[in-house]
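Here is the file structure-v4.tsv (TSV, C-alpha atoms).
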```tsv
chain	number	residue	atom	x	y	z
A	1004	MET	CA	-25.38	-9.53	-51.04
A	1005	ASP	CA	-24.67	-12.64	-49.04
A	1006	ARG	CA	-26.89	-12.78	-46.00
A	1007	LYS	CA	-24.23	-14.10	-43.65
A	1008	LEU	CA	-21.85	-11.34	-44.64
A	1009	PHE	CA	-24.09	-8.45	-43.78
A	1010	VAL	CA	-25.52	-10.07	-40.68
A	1011	ARG	CA	-21.93	-10.45	-39.44
A	1012	HIS	CA	-21.05	-6.88	-40.30
A	1013	ALA	CA	-24.31	-5.42	-39.12
A	1014	PHE	CA	-23.57	-6.20	-35.54
A	1015	SER	CA	-20.06	-4.84	-35.69
A	1016	ALA	CA	-21.51	-1.50	-36.73
A	1017	LEU	CA	-24.19	-1.49	-34.09
A	1018	GLY	CA	-22.52	-3.26	-31.21
A	1019	ILE	CA	-19.41	-1.26	-30.50
A	1020	VAL	CA	-21.06	2.00	-29.59
A	1021	ALA	CA	-20.99	3.95	-26.43
A	1022	VAL	CA	-24.30	5.15	-25.11
A	1023	ALA	CA	-24.50	8.58	-26.68
A	1024	PRO	CA	-26.72	11.20	-25.09
A	1025	LEU	CA	-28.10	13.74	-27.52
A	1026	ILE	CA	-25.74	16.51	-26.39
A	1027	HIS	CA	-22.88	14.47	-27.80
A	1028	ALA	CA	-24.63	13.91	-31.10
A	1029	CYS	CA	-23.02	14.93	-34.36
A	1030	SER	CA	-21.11	18.16	-33.90
A	1031	LYS	CA	-22.18	20.03	-37.04
A	1032	ASN	CA	-25.84	19.40	-36.78
A	1033	ASN	CA	-27.73	18.99	-33.57
A	1034	ASP	CA	-30.92	18.02	-35.31
A	1035	SER	CA	-32.20	14.61	-34.44
A	1036	ALA	CA	-32.89	12.24	-37.26
A	1037	SER	CA	-35.56	13.62	-39.49
A	1038	ALA	CA	-38.65	11.53	-39.76
A	1039	SER	CA	-41.65	12.36	-41.80
A	1040	SER	CA	-44.27	10.63	-43.81
A	1041	ASP	CA	-47.16	11.93	-45.85
A	1042	GLU	CA	-49.37	9.10	-44.69
A	1043	SER	CA	-49.09	9.50	-40.94
A	1044	SER	CA	-47.64	12.09	-38.62
A	1045	GLY	CA	-44.92	11.67	-36.08
A	1046	SER	CA	-41.58	9.97	-35.99
A	1047	SER	CA	-40.87	6.29	-36.33
A	1048	SER	CA	-37.39	6.53	-34.84
A	1049	ASP	CA	-36.73	3.42	-32.82
A	1050	VAL	CA	-33.85	4.29	-30.55
A	1051	THR	CA	-31.86	1.23	-29.61
A	1052	THR	CA	-28.46	1.20	-28.02
A	1053	ASP	CA	-26.48	-1.90	-27.29
A	1054	THR	CA	-23.37	-1.84	-25.16
A	1055	SER	CA	-22.55	-5.56	-25.21
A	1056	CYS	CA	-20.17	-7.17	-27.63
A	1057	SER	CA	-21.92	-10.49	-27.91
A	1058	VAL	CA	-24.23	-11.19	-30.78
A	1059	SER	CA	-27.83	-11.18	-29.61
A	1060	PRO	CA	-30.13	-13.92	-30.93
A	1061	THR	CA	-32.48	-11.49	-32.66
A	1062	GLU	CA	-29.68	-10.18	-34.84
A	1063	THR	CA	-28.83	-13.64	-36.18
A	1064	GLU	CA	-32.45	-14.15	-37.25
A	1065	GLY	CA	-31.76	-11.59	-39.93
A	1066	PRO	CA	-34.11	-10.15	-42.52
A	1067	PHE	CA	-33.49	-12.85	-45.12
A	1068	PRO	CA	-33.97	-16.12	-43.26
A	1069	THR	CA	-34.60	-18.11	-46.40
A	1070	LYS	CA	-32.97	-18.71	-49.73
A	1071	GLN	CA	-34.60	-16.09	-51.89
A	1072	PRO	CA	-34.52	-12.41	-51.05
A	1073	SER	CA	-37.48	-10.23	-51.85
A	1074	SER	CA	-37.64	-8.94	-55.41
A	1075	TYR	CA	-37.00	-5.48	-54.00
A	1076	VAL	CA	-33.34	-6.38	-53.50
A	1077	ARG	CA	-31.84	-4.75	-56.56
A	1078	SER	CA	-29.93	-1.61	-57.38
A	1079	ASP	CA	-31.64	-0.85	-60.72
A	1080	ILE	CA	-35.24	-0.04	-59.89
A	1081	THR	CA	-36.29	1.40	-63.25
A	1082	LYS	CA	-39.41	0.23	-65.06
A	1083	GLY	CA	-37.42	-0.89	-68.08
A	1084	ASP	CA	-39.42	1.26	-70.51
A	1085	GLY	CA	-36.67	3.86	-70.94
A	1086	ILE	CA	-38.94	6.69	-69.83
A	1087	GLY	CA	-37.47	9.30	-67.52
A	1088	SER	CA	-34.09	10.93	-67.16
A	1089	PRO	CA	-31.63	8.55	-65.46
A	1090	LEU	CA	-30.74	9.29	-61.85
A	1091	THR	CA	-28.12	7.56	-59.74
A	1092	ALA	CA	-28.87	7.98	-56.05
A	1093	LYS	CA	-26.10	7.53	-53.52
A	1094	ILE	CA	-27.55	7.48	-50.03
A	1095	THR	CA	-25.29	7.35	-46.99
A	1096	ILE	CA	-26.73	6.31	-43.65
A	1097	VAL	CA	-24.99	7.51	-40.51
A	1098	ASN	CA	-25.77	6.75	-36.89
A	1099	SER	CA	-26.74	9.83	-34.91
A	1100	ASN	CA	-26.20	7.77	-31.76
A	1101	ASN	CA	-22.57	7.27	-32.70
A	1102	ASN	CA	-21.26	10.70	-33.72
A	1103	CYS	CA	-22.68	10.22	-37.20
A	1104	LYS	CA	-20.33	7.41	-38.05
A	1105	SER	CA	-21.33	5.32	-41.06
A	1106	LEU	CA	-23.96	2.70	-40.35
A	1107	GLU	CA	-23.08	-0.57	-42.04
A	1108	GLY	CA	-25.60	-3.35	-42.57
A	1109	ALA	CA	-28.68	-1.15	-42.47
A	1110	ILE	CA	-31.47	-2.05	-44.88
A	1111	VAL	CA	-32.62	0.88	-47.01
A	1112	ASP	CA	-35.88	0.83	-48.97
A	1113	ILE	CA	-36.63	3.62	-51.40
A	1114	TRP	CA	-39.66	4.23	-53.57
A	1115	HIS	CA	-40.98	7.08	-55.70
A	1116	CYS	CA	-43.42	7.90	-58.46
A	1117	ASP	CA	-42.87	7.72	-62.21
A	1118	VAL	CA	-42.75	10.65	-64.65
A	1119	ASP	CA	-46.55	10.94	-64.48
A	1120	GLY	CA	-46.69	10.99	-60.69
A	1121	ASN	CA	-47.90	7.40	-60.29
A	1122	TYR	CA	-46.64	4.80	-57.84
A	1123	SER	CA	-46.47	1.07	-58.40
A	1124	GLU	CA	-49.05	0.02	-55.89
A	1125	TYR	CA	-52.53	-1.30	-55.49
A	1126	GLY	CA	-54.80	-1.88	-52.57
A	1127	GLY	CA	-56.17	-5.37	-52.02
A	1128	THR	CA	-55.20	-8.19	-54.39
A	1129	GLN	CA	-54.64	-8.13	-58.12
A	1130	MET	CA	-53.60	-10.59	-60.76
A	1131	GLN	CA	-49.93	-10.83	-61.62
A	1132	SER	CA	-48.41	-12.62	-64.58
A	1133	THR	CA	-45.78	-15.31	-64.82
A	1134	ASN	CA	-43.67	-13.17	-67.11
A	1135	PHE	CA	-42.77	-11.70	-63.68
A	1136	GLN	CA	-42.19	-8.27	-65.13
A	1137	SER	CA	-41.74	-6.20	-62.08
A	1138	VAL	CA	-44.98	-4.83	-60.78
A	1139	HIS	CA	-42.90	-3.30	-58.00
A	1140	TRP	CA	-41.25	-0.74	-60.26
A	1141	LEU	CA	-39.43	2.22	-58.77
A	1142	ARG	CA	-39.13	0.38	-55.45
A	1143	GLY	CA	-35.85	-1.07	-54.24
A	1144	ARG	CA	-33.88	-2.34	-51.30
A	1145	GLN	CA	-30.17	-2.32	-50.64
A	1146	VAL	CA	-27.97	-2.89	-47.60
A	1147	THR	CA	-25.41	-0.30	-46.55
A	1148	ASP	CA	-21.74	-1.15	-47.00
A	1149	ALA	CA	-18.87	-0.32	-44.64
A	1150	ASN	CA	-19.22	3.33	-45.63
A	1151	GLY	CA	-22.94	3.34	-44.88
A	1152	LEU	CA	-23.61	3.69	-48.60
A	1153	VAL	CA	-26.34	2.31	-50.83
A	1154	THR	CA	-26.67	3.12	-54.52
A	1155	PHE	CA	-29.77	2.96	-56.67
A	1156	LYS	CA	-30.19	3.45	-60.41
A	1157	SER	CA	-33.52	5.09	-61.04
A	1158	ILE	CA	-35.06	8.08	-62.81
A	1159	PHE	CA	-35.70	11.65	-61.76
A	1160	PRO	CA	-39.12	11.37	-60.10
A	1161	GLY	CA	-42.24	12.99	-61.47
A	1162	TRP	CA	-44.64	14.90	-59.24
A	1163	TYR	CA	-48.28	14.82	-58.20
A	1164	GLN	CA	-50.83	17.24	-56.86
A	1165	GLY	CA	-50.07	18.55	-53.40
A	1166	ARG	CA	-46.47	17.39	-53.14
A	1167	ALA	CA	-43.07	18.62	-54.19
A	1168	THR	CA	-40.79	16.13	-55.97
A	1169	HIS	CA	-39.56	13.57	-53.45
A	1170	ILE	CA	-38.20	10.08	-52.85
A	1171	HIS	CA	-39.45	8.01	-49.90
A	1172	VAL	CA	-36.84	6.30	-47.74
A	1173	HIS	CA	-37.30	3.69	-45.00
A	1174	VAL	CA	-34.21	2.70	-43.03
A	1175	TYR	CA	-34.22	-0.52	-41.01
A	1176	ASN	CA	-31.54	-2.18	-38.94
A	1177	ALA	CA	-30.15	-5.52	-40.08
A	1178	SER	CA	-33.00	-7.41	-38.41
A	1179	GLY	CA	-35.65	-5.44	-40.25
A	1180	THR	CA	-36.63	-3.19	-37.35
A	1181	SER	CA	-37.58	0.28	-38.53
A	1182	LEU	CA	-35.11	3.03	-37.62
A	1183	LEU	CA	-36.40	5.90	-39.72
A	1184	VAL	CA	-39.09	6.82	-42.22
A	1185	THR	CA	-38.16	9.93	-44.18
A	1186	GLN	CA	-38.18	11.58	-47.60
A	1187	ILE	CA	-35.60	13.18	-49.87
A	1188	ALA	CA	-36.34	16.65	-51.24
A	1189	PHE	CA	-35.12	18.18	-54.50
A	1190	PRO	CA	-34.19	21.81	-55.21
A	1191	ASP	CA	-37.24	23.67	-56.53
A	1192	THR	CA	-35.43	25.16	-59.53
A	1193	LEU	CA	-34.24	21.73	-60.63
A	1194	ALA	CA	-37.69	20.15	-60.37
A	1195	ILE	CA	-39.16	23.01	-62.39
A	1196	THR	CA	-36.43	22.72	-65.05
A	1197	VAL	CA	-36.95	18.97	-65.47
A	1198	ASN	CA	-40.73	19.27	-65.70
A	1199	SER	CA	-40.74	22.22	-68.06
A	1200	THR	CA	-37.95	21.12	-70.43
A	1201	GLY	CA	-37.94	17.34	-70.12
A	1202	SER	CA	-40.91	16.33	-72.29
A	1203	ALA	CA	-38.64	14.32	-74.59
A	1204	TYR	CA	-37.86	12.17	-71.55
A	1205	GLY	CA	-41.47	11.71	-70.57
A	1206	TYR	CA	-41.95	14.71	-68.27
A	1207	THR	CA	-45.02	16.00	-70.08
A	1208	LYS	CA	-47.04	17.08	-67.08
A	1209	GLY	CA	-45.54	20.57	-67.00
A	1210	THR	CA	-45.44	22.61	-63.83
A	1211	SER	CA	-48.90	24.11	-63.50
A	1212	GLY	CA	-50.11	23.51	-59.96
A	1213	TYR	CA	-46.67	22.30	-58.77
A	1214	THR	CA	-46.15	22.48	-54.99
A	1215	TYR	CA	-42.85	24.09	-53.99
A	1216	ASN	CA	-40.85	22.82	-51.03
A	1217	ASN	CA	-41.86	25.68	-48.73
A	1218	ALA	CA	-45.55	24.89	-49.34
A	1219	ASP	CA	-45.13	21.15	-49.09
A	1220	ASN	CA	-46.75	19.72	-45.94
A	1221	VAL	CA	-43.83	17.34	-45.38
A	1222	PHE	CA	-40.89	19.58	-46.25
A	1223	SER	CA	-42.07	23.04	-45.30
A	1224	ASP	CA	-40.48	22.98	-41.84
A	1225	SER	CA	-37.55	20.66	-42.42
A	1226	VAL	CA	-36.40	20.80	-46.01
A	1227	ALA	CA	-32.78	21.69	-45.22
A	1228	LYS	CA	-32.38	18.36	-43.38
A	1229	GLU	CA	-33.86	16.38	-46.23
A	1230	MET	CA	-32.45	18.20	-49.26
A	1231	ALA	CA	-30.37	16.19	-51.67
A	1232	THR	CA	-27.38	17.41	-53.65
A	1233	VAL	CA	-28.22	16.83	-57.31
A	1234	THR	CA	-25.95	17.44	-60.28
A	1235	GLY	CA	-26.43	16.74	-63.96
A	1236	SER	CA	-29.05	17.52	-66.54
A	1237	VAL	CA	-32.10	16.03	-68.19
A	1238	ASP	CA	-30.02	15.06	-71.22
A	1239	LYS	CA	-27.04	13.62	-69.39
A	1240	GLY	CA	-28.81	12.21	-66.36
A	1241	PHE	CA	-28.46	13.09	-62.71
A	1242	ASP	CA	-26.36	12.15	-59.71
A	1243	LEU	CA	-27.99	12.52	-56.33
A	1244	SER	CA	-26.25	12.27	-53.01
A	1245	ILE	CA	-27.52	12.66	-49.47
A	1246	THR	CA	-26.53	11.69	-45.95
A	1247	ILE	CA	-29.37	10.51	-43.75
A	1248	LYS	CA	-29.05	10.30	-39.99
A	1249	ALA	CA	-30.77	7.44	-38.25
A	1250	ASN	CA	-30.87	6.51	-34.57
A	1251	ALA	CA	-29.41	3.02	-34.48
B	818	MET	CA	-70.95	-28.84	-81.44
B	819	LYS	CA	-69.92	-27.08	-78.26
B	820	ARG	CA	-66.42	-27.12	-76.86
B	821	ARG	CA	-65.86	-25.98	-73.30
B	822	ILE	CA	-62.59	-24.20	-72.44
B	823	ILE	CA	-61.88	-23.78	-68.75
B	824	THR	CA	-59.14	-22.42	-66.54
B	825	LEU	CA	-58.69	-23.72	-63.05
B	826	CYS	CA	-57.71	-21.90	-59.88
B	827	TYR	CA	-55.71	-23.61	-57.17
B	828	ARG	CA	-55.52	-21.93	-53.76
B	829	LYS	CA	-52.45	-22.74	-51.69
B	830	ILE	CA	-52.67	-21.61	-48.08
B	831	ILE	CA	-49.29	-20.93	-46.53
B	832	ASP	CA	-49.32	-20.91	-42.75
B	833	ALA	CA	-47.61	-22.40	-39.71
B	834	ASN	CA	-48.79	-25.86	-40.76
B	835	CYS	CA	-46.69	-25.98	-43.94
B	836	SER	CA	-45.39	-29.49	-44.54
B	837	ASP	CA	-43.09	-28.95	-47.52
B	838	GLU	CA	-39.92	-26.90	-47.73
B	839	TRP	CA	-41.18	-24.54	-50.43
B	840	CYS	CA	-44.19	-23.68	-48.30
B	841	ARG	CA	-42.03	-23.13	-45.21
B	842	ASN	CA	-39.71	-20.84	-47.20
B	843	VAL	CA	-42.60	-18.76	-48.49
B	844	PHE	CA	-44.07	-18.60	-44.98
B	845	ALA	CA	-40.82	-17.27	-43.51
B	846	ALA	CA	-40.18	-14.82	-46.34
B	847	THR	CA	-43.69	-13.36	-46.36
B	848	TYR	CA	-43.77	-13.04	-42.59
B	849	GLN	CA	-40.47	-11.19	-42.57
B	850	GLU	CA	-41.60	-8.90	-45.38
B	851	PHE	CA	-44.91	-8.26	-43.61
B	852	LYS	CA	-43.12	-7.31	-40.40
B	853	MET	CA	-40.92	-4.86	-42.30
B	854	GLN	CA	-43.64	-3.29	-44.46
B	855	ALA	CA	-46.23	-3.07	-41.68
B	856	GLN	CA	-43.99	-0.67	-39.75
B	857	PHE	CA	-44.68	2.08	-42.30
B	858	TYR	CA	-48.39	1.90	-41.45
B	859	ASN	CA	-47.77	1.50	-37.72
B	860	GLN	CA	-45.37	4.33	-36.87
B	861	GLN	CA	-47.21	5.10	-33.63
B	862	LYS	CA	-46.91	1.40	-32.74
B	863	LYS	CA	-50.62	1.18	-31.91
B	864	HIS	CA	-51.35	-2.06	-33.72
B	865	THR	CA	-50.04	-5.62	-33.80
B	866	THR	CA	-52.24	-7.50	-36.28
B	867	TYR	CA	-52.88	-7.22	-40.02
B	868	LYS	CA	-56.63	-6.90	-39.39
B	869	GLN	CA	-56.11	-3.95	-37.05
B	870	LEU	CA	-53.98	-2.22	-39.67
B	871	ILE	CA	-56.40	-2.60	-42.55
B	872	ASP	CA	-59.36	-1.67	-40.34
B	873	ASP	CA	-57.73	1.42	-38.89
B	874	VAL	CA	-55.01	2.76	-41.20
B	875	PRO	CA	-55.81	4.30	-44.62
B	876	GLY	CA	-53.76	2.68	-47.34
B	877	ALA	CA	-52.71	-0.34	-45.26
B	878	ASN	CA	-54.46	-2.65	-47.70
B	879	LYS	CA	-51.46	-1.96	-49.96
B	880	LEU	CA	-49.67	-4.48	-47.75
B	881	ASN	CA	-50.92	-7.25	-50.07
B	882	PHE	CA	-49.09	-5.60	-52.96
B	883	LEU	CA	-46.03	-4.71	-50.90
B	884	VAL	CA	-45.56	-8.17	-49.34
B	885	SER	CA	-46.09	-9.96	-52.67
B	886	ALA	CA	-42.54	-9.01	-53.68
B	887	ALA	CA	-41.33	-11.62	-51.20
B	888	ILE	CA	-42.76	-14.53	-53.21
B	889	ILE	CA	-41.57	-13.73	-56.73
B	890	ASP	CA	-38.35	-15.75	-56.71
B	891	TYR	CA	-40.13	-18.66	-55.02
B	892	LEU	CA	-42.73	-18.67	-57.79
B	893	LYS	CA	-39.93	-18.74	-60.36
B	894	GLU	CA	-38.63	-21.90	-58.64
B	895	LEU	CA	-41.90	-23.63	-59.61
B	896	ASN	CA	-41.13	-23.28	-63.34
B	897	ASP	CA	-44.76	-22.51	-64.12
B	898	GLN	CA	-45.95	-25.74	-62.46
B	899	VAL	CA	-48.88	-25.49	-60.05
B	900	PRO	CA	-47.76	-27.15	-56.80
B	901	ASP	CA	-49.60	-30.06	-55.12
B	902	VAL	CA	-52.16	-30.66	-57.89
B	903	VAL	CA	-51.79	-34.11	-59.45
B	904	ASN	CA	-53.89	-36.20	-61.80
B	905	ASN	CA	-55.36	-39.59	-60.95
B	906	LEU	CA	-51.97	-41.15	-61.77
B	907	GLY	CA	-50.19	-38.95	-59.24
B	908	ARG	CA	-48.50	-36.77	-61.83
B	909	SER	CA	-48.28	-32.99	-61.88
B	910	PHE	CA	-49.92	-31.67	-65.00
B	911	LEU	CA	-51.22	-28.19	-64.31
B	912	ARG	CA	-49.33	-25.05	-65.27
B	913	PHE	CA	-50.13	-21.52	-64.21
B	914	LYS	CA	-50.04	-18.29	-66.19
B	915	ASN	CA	-51.23	-15.84	-63.57
B	916	PHE	CA	-51.36	-15.66	-59.81
B	917	GLN	CA	-52.75	-13.60	-56.98
B	918	PHE	CA	-51.27	-13.07	-53.55
B	919	GLU	CA	-53.29	-12.34	-50.45
B	920	ILE	CA	-52.47	-11.85	-46.79
B	921	ILE	CA	-55.10	-13.74	-44.78
B	922	GLN	CA	-53.91	-12.72	-41.34
B	923	SER	CA	-50.74	-11.89	-39.50
B	924	ASP	CA	-49.37	-10.57	-36.25
B	925	ILE	CA	-46.06	-8.74	-35.79
B	926	THR	CA	-45.64	-10.24	-32.33
B	927	SER	CA	-45.96	-13.90	-33.34
B	928	SER	CA	-45.62	-15.86	-36.55
B	929	ALA	CA	-48.05	-18.52	-35.31
B	930	SER	CA	-51.07	-16.78	-36.83
B	931	HIS	CA	-49.37	-15.64	-40.05
B	932	ALA	CA	-51.22	-16.97	-43.08
B	933	VAL	CA	-51.13	-15.98	-46.73
B	934	ALA	CA	-52.70	-17.48	-49.83
B	935	ILE	CA	-51.43	-17.79	-53.37
B	936	TYR	CA	-54.02	-18.36	-56.10
B	937	PHE	CA	-52.63	-20.09	-59.18
B	938	MET	CA	-54.64	-19.58	-62.40
B	939	SER	CA	-54.02	-22.36	-64.90
B	940	GLN	CA	-53.48	-22.43	-68.64
B	941	PRO	CA	-56.66	-23.12	-70.64
B	942	LEU	CA	-57.89	-26.70	-70.72
B	943	ILE	CA	-60.56	-28.37	-72.84
B	944	TRP	CA	-63.17	-29.95	-70.61
B	945	HIS	CA	-64.39	-33.01	-72.41
B	946	ASP	CA	-66.38	-34.87	-69.83
B	947	THR	CA	-66.83	-35.77	-66.20
B	948	VAL	CA	-66.55	-39.41	-65.18
B	949	GLY	CA	-67.85	-39.97	-61.66
B	950	ASP	CA	-66.23	-37.16	-59.71
B	951	GLN	CA	-63.27	-36.81	-62.07
B	952	MET	CA	-62.74	-34.20	-64.74
B	953	ILE	CA	-61.56	-35.34	-68.17
B	954	THR	CA	-59.51	-32.59	-69.81
B	955	SER	CA	-56.85	-32.05	-72.40
B	956	GLU	CA	-54.63	-29.17	-73.35
B	957	ASN	CA	-55.14	-29.55	-77.07
B	958	TYR	CA	-57.82	-30.68	-79.39
B	959	ASN	CA	-57.17	-32.89	-82.36
B	960	ASP	CA	-59.70	-32.28	-85.07
B	961	ASP	CA	-58.58	-35.13	-87.29
B	962	ASN	CA	-59.75	-37.92	-85.00
B	963	CYS	CA	-56.29	-38.53	-83.59
B	964	GLU	CA	-55.77	-39.42	-79.94
B	965	MET	CA	-55.52	-36.67	-77.34
B	966	ILE	CA	-53.50	-36.84	-74.13
B	967	ILE	CA	-56.00	-36.68	-71.28
B	968	ASN	CA	-55.62	-35.56	-67.71
B	969	GLN	CA	-58.12	-37.05	-65.28
B	970	PHE	CA	-58.38	-35.47	-61.85
B	971	ARG	CA	-60.74	-34.43	-59.08
B	972	LEU	CA	-61.69	-30.92	-58.12
B	973	SER	CA	-61.44	-30.13	-54.42
B	974	GLU	CA	-62.09	-27.41	-51.88
B	975	ASN	CA	-58.86	-25.71	-53.05
B	976	LEU	CA	-59.10	-26.54	-56.77
B	977	GLY	CA	-61.98	-25.20	-58.79
B	978	ILE	CA	-63.00	-23.92	-62.17
B	979	TYR	CA	-62.06	-20.26	-62.54
B	980	THR	CA	-63.28	-19.40	-66.04
B	981	LEU	CA	-65.50	-21.13	-68.56
B	982	GLN	CA	-65.86	-20.33	-72.23
B	983	THR	CA	-68.18	-22.25	-74.52
B	984	LEU	CA	-67.27	-22.22	-78.20
B	985	GLU	CA	-69.31	-23.40	-81.16
B	986	VAL	CA	-67.07	-25.53	-83.38
```
Here is a file; write its structure as structure tokens.
Amino acid sequence: MDRKLFVRHAFSALGIVAVAPLIHACSKNNDSASASSDESSGSSSDVTTDTSCSVSPTETEGPFPTKQPSSYVRSDITKGDGIGSPLTAKITIVNSNNNCKSLEGAIVDIWHCDVDGNYSEYGGTQMQSTNFQSVHWLRGRQVTDANGLVTFKSIFPGWYQGRATHIHVHVYNASGTSLLVTQIAFPDTLAITVNSTGSAYGYTKGTSGYTYNNADNVFSDSVAKEMATVTGSVDKGFDLSITIKANA
Amino acid sequence: MKRRIITLCYRKIIDANCSDEWCRNVFAATYQEFKMQAQFYNQQKKHTTYKQLIDDVPGANKLNFLVSAAIIDYLKELNDQVPDVVNNLGRSFLRFKNFQFEIIQSDITSSASHAVAIYFMSQPLIWHDTVGDQMITSENYNDDNCEMIINQFRLSENLGIYTLQTLEV
């Protein structure tokens, strides 16, 4: 996406808001933006309101000040090995400080584990090759459009000990300032079905020792706010949709 | 008869003193990516520097991996050529096959102290000889007494031998 385009639009989404006290927040759901992380407790919500209509200098700095965006900026985040049942994730970001209107120009990072429950990650430094095959698999970044929407092509995540199936999400404003760190939950029955019948697609771990949402230390008290709507099947692939509320 | 095969490693430090455009672009991109990624490990907003994060926050050393995504397209711009390293005739000659990325230091409140390093590991070279302080190398070896193209260059504090293999031929 062209940097100038979303920097221009980002401010229009964020700048023309009234100051919105919490009692006037979204009518259907009075919950504040959910924020959870399995690495640290507490919320990262960075509440900023701006009542002026002039572009502030920090907004024009933008997240992509140079020619080449990070290699995260892509919609297809799959490993390229064909393993895993395809999943298209449509994530809509709305602004809980603006009656849950769509938030355009927000940067959305997602990441999740592969069919075996592994993340692309390492601590410290490691050698990478000039074939530039993505070592950052199953990690991606997109910017929300006028409808607050980002779309990713990925796979149905695997699972690992101690956690229910989930996708990590980090929402930033157009300047790269964190608005929300959260996770997407999946219906228990669906996760069990994929992991018990999906071995032809790489889900060979089974379900022994699987942590259900109500026992998950991240989801157990908030899963309704973080639950995705998922349709499809292991054979045909899945469509996931969710609306995430951020304080922008 | 022994033949020595070496690979070289060139360390490029990218910081506020960058003099070329490529370096300045990588500096800006890695700083921006660091500022974004560091927020995940700093949700209580207790820390401002990279050192504080890796000393205090479990898993924060993944920032090297996470920020390295910012340099990939800039590395592709190099077309496998190691930057800055030239032979005694002023020509670039070294190509790289692998690289490592490392955050040296950074600070979310100021880019002035941001510094990262990229280590470029070269293709194999045959080390024939050393003349004075200059290495005499070639990429290929001609067994039939034909001429070989030679690269003559100096090692430096940022350019050293990374691997050495001695073959009996």
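If you look at CA of Lys1208 (chain A) and CA of Thr1185 (chain A), they are 25.6 Å away from each other.
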Please return as an MDAnalysis selection string every residue within 7 Å of (-54.9, -38.1, -63.4), taking into account all atoms listed in the file and the file's own coordinates. chainID B and resid 903:908 968:970
For a test of reading the model, state the distance in Å between CA of Gln951 (chain B) and CA of Leu972 (chain B), rounded to one decimal.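 Straight-line distance from CA of Gln951 (chain B) to CA of Leu972 (chain B) works out to 7.3 Å.
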Select, as a PyMOL selection string, those residues of chain B with any atom no more than 6 Å from chain A (distances computed using all atoms listed in the file). chain B and resi 842+853+860+878-879+881+886-887+914-917
Of the residues A:His1115, A:Lys1093, A:Arg1144, A:His1169, which is the one nearest to Tyr1215 (chain A), using all atoms listed in the file?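 Selected residue with least distance to Tyr1215 (chain A): A:His1169.
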Please measure the separation of CA of Pro875 (chain B) and CA of Phe844 (chain B), giving the value in Å to one decimal. 25.7 Å
Find the residue from B:Asn957, B:Ser836, B:Gln898, B:Asn975 that sits nearest to His945 (chain B); use only C-alpha atoms when measuring. B:Asn957
For region 905-921 of chain B, take all atoms listed in the file, fit an axis-aligned box around them, add 4 Å to each of the six sides, then output centre and edge lengths in Å rounded to one decimal, as JSON.
```
{"center_x": -51.8, "center_y": -26.5, "center_z": -55.5, "size_x": 15.1, "size_y": 37.3, "size_z": 29.4}
```
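The list of residues within 10 Å of (-36.4, 8.5, -58.4), counted using all atoms listed in the file, is Ile1080, Thr1081, Gly1087, Ser1088, Pro1089, Leu1090, Thr1091, Ala1092, Ile1113, Trp1114, His1115, Cys1116, Asp1117, Val1118, Leu1141, Arg1142, Phe1155, Lys1156, Ser1157, Ile1158, Phe1159, Pro1160, Gly1161, Thr1168, His1169, Ile1170, His1171, Ile1187 and Leu1243 of chain A.
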How would the residues just chosen look if you wrote them out with C-alpha atoms as a JSON list (two decimals), in the frame of the given file?
```json
[["chain", "number", "residue", "atom", "x", "y", "z"],
["A", 1080, "ILE", "CA", -35.24, -0.04, -59.89],
["A", 1081, "THR", "CA", -36.29, 1.40, -63.25],
["A", 1087, "GLY", "CA", -37.47, 9.30, -67.52],
["A", 1088, "SER", "CA", -34.09, 10.93, -67.16],
["A", 1089, "PRO", "CA", -31.63, 8.55, -65.46],
["A", 1090, "LEU", "CA", -30.74, 9.29, -61.85],
["A", 1091, "THR", "CA", -28.12, 7.56, -59.74],
["A", 1092, "ALA", "CA", -28.87, 7.98, -56.05],
["A", 1113, "ILE", "CA", -36.63, 3.62, -51.40],
["A", 1114, "TRP", "CA", -39.66, 4.23, -53.57],
["A", 1115, "HIS", "CA", -40.98, 7.08, -55.70],
["A", 1116, "CYS", "CA", -43.42, 7.90, -58.46],
["A", 1117, "ASP", "CA", -42.87, 7.72, -62.21],
["A", 1118, "VAL", "CA", -42.75, 10.65, -64.65],
["A", 1141, "LEU", "CA", -39.43, 2.22, -58.77],
["A", 1142, "ARG", "CA", -39.13, 0.38, -55.45],
["A", 1155, "PHE", "CA", -29.77, 2.96, -56.67],
["A", 1156, "LYS", "CA", -30.19, 3.45, -60.41],
["A", 1157, "SER", "CA", -33.52, 5.09, -61.04],
["A", 1158, "ILE", "CA", -35.06, 8.08, -62.81],
["A", 1159, "PHE", "CA", -35.70, 11.65, -61.76],
["A", 1160, "PRO", "CA", -39.12, 11.37, -60.10],
["A", 1161, "GLY", "CA", -42.24, 12.99, -61.47],
["A", 1168, "THR", "CA", -40.79, 16.13, -55.97],
["A", 1169, "HIS", "CA", -39.56, 13.57, -53.45],
["A", 1170, "ILE", "CA", -38.20, 10.08, -52.85],
["A", 1171, "HIS", "CA", -39.45, 8.01, -49.90],
["A", 1187, "ILE", "CA", -35.60, 13.18, -49.87],
["A", 1243, "LEU", "CA", -27.99, 12.52, -56.33]]
```
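Nearest residue to Ser1202 (chain A) among A:Ile1094, A:Asp1079, A:Asp1119, A:Gln1145 is A:Asp1119, counting only C-alpha atoms.
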Give me, as a short mmCIF file (atom, residue, chain, number, x, y, z; two decimals) with C-alpha atoms, keeping the file's coordinate frame, all polymer residues having an atom no more than 9 Å from Ala1218 (chain A), counting all atoms listed in the file and skipping those fewer than 6 positions away in the same chain.
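Now in around.cif:
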```
data_model
loop_
_atom_site.label_atom_id
_atom_site.label_comp_id
_atom_site.auth_asym_id
_atom_site.auth_seq_id
_atom_site.Cartn_x
_atom_site.Cartn_y
_atom_site.Cartn_z
CA GLY A 1165 -50.07 18.55 -53.40
CA ARG A 1166 -46.47 17.39 -53.14
CA ALA A 1167 -43.07 18.62 -54.19
#
```
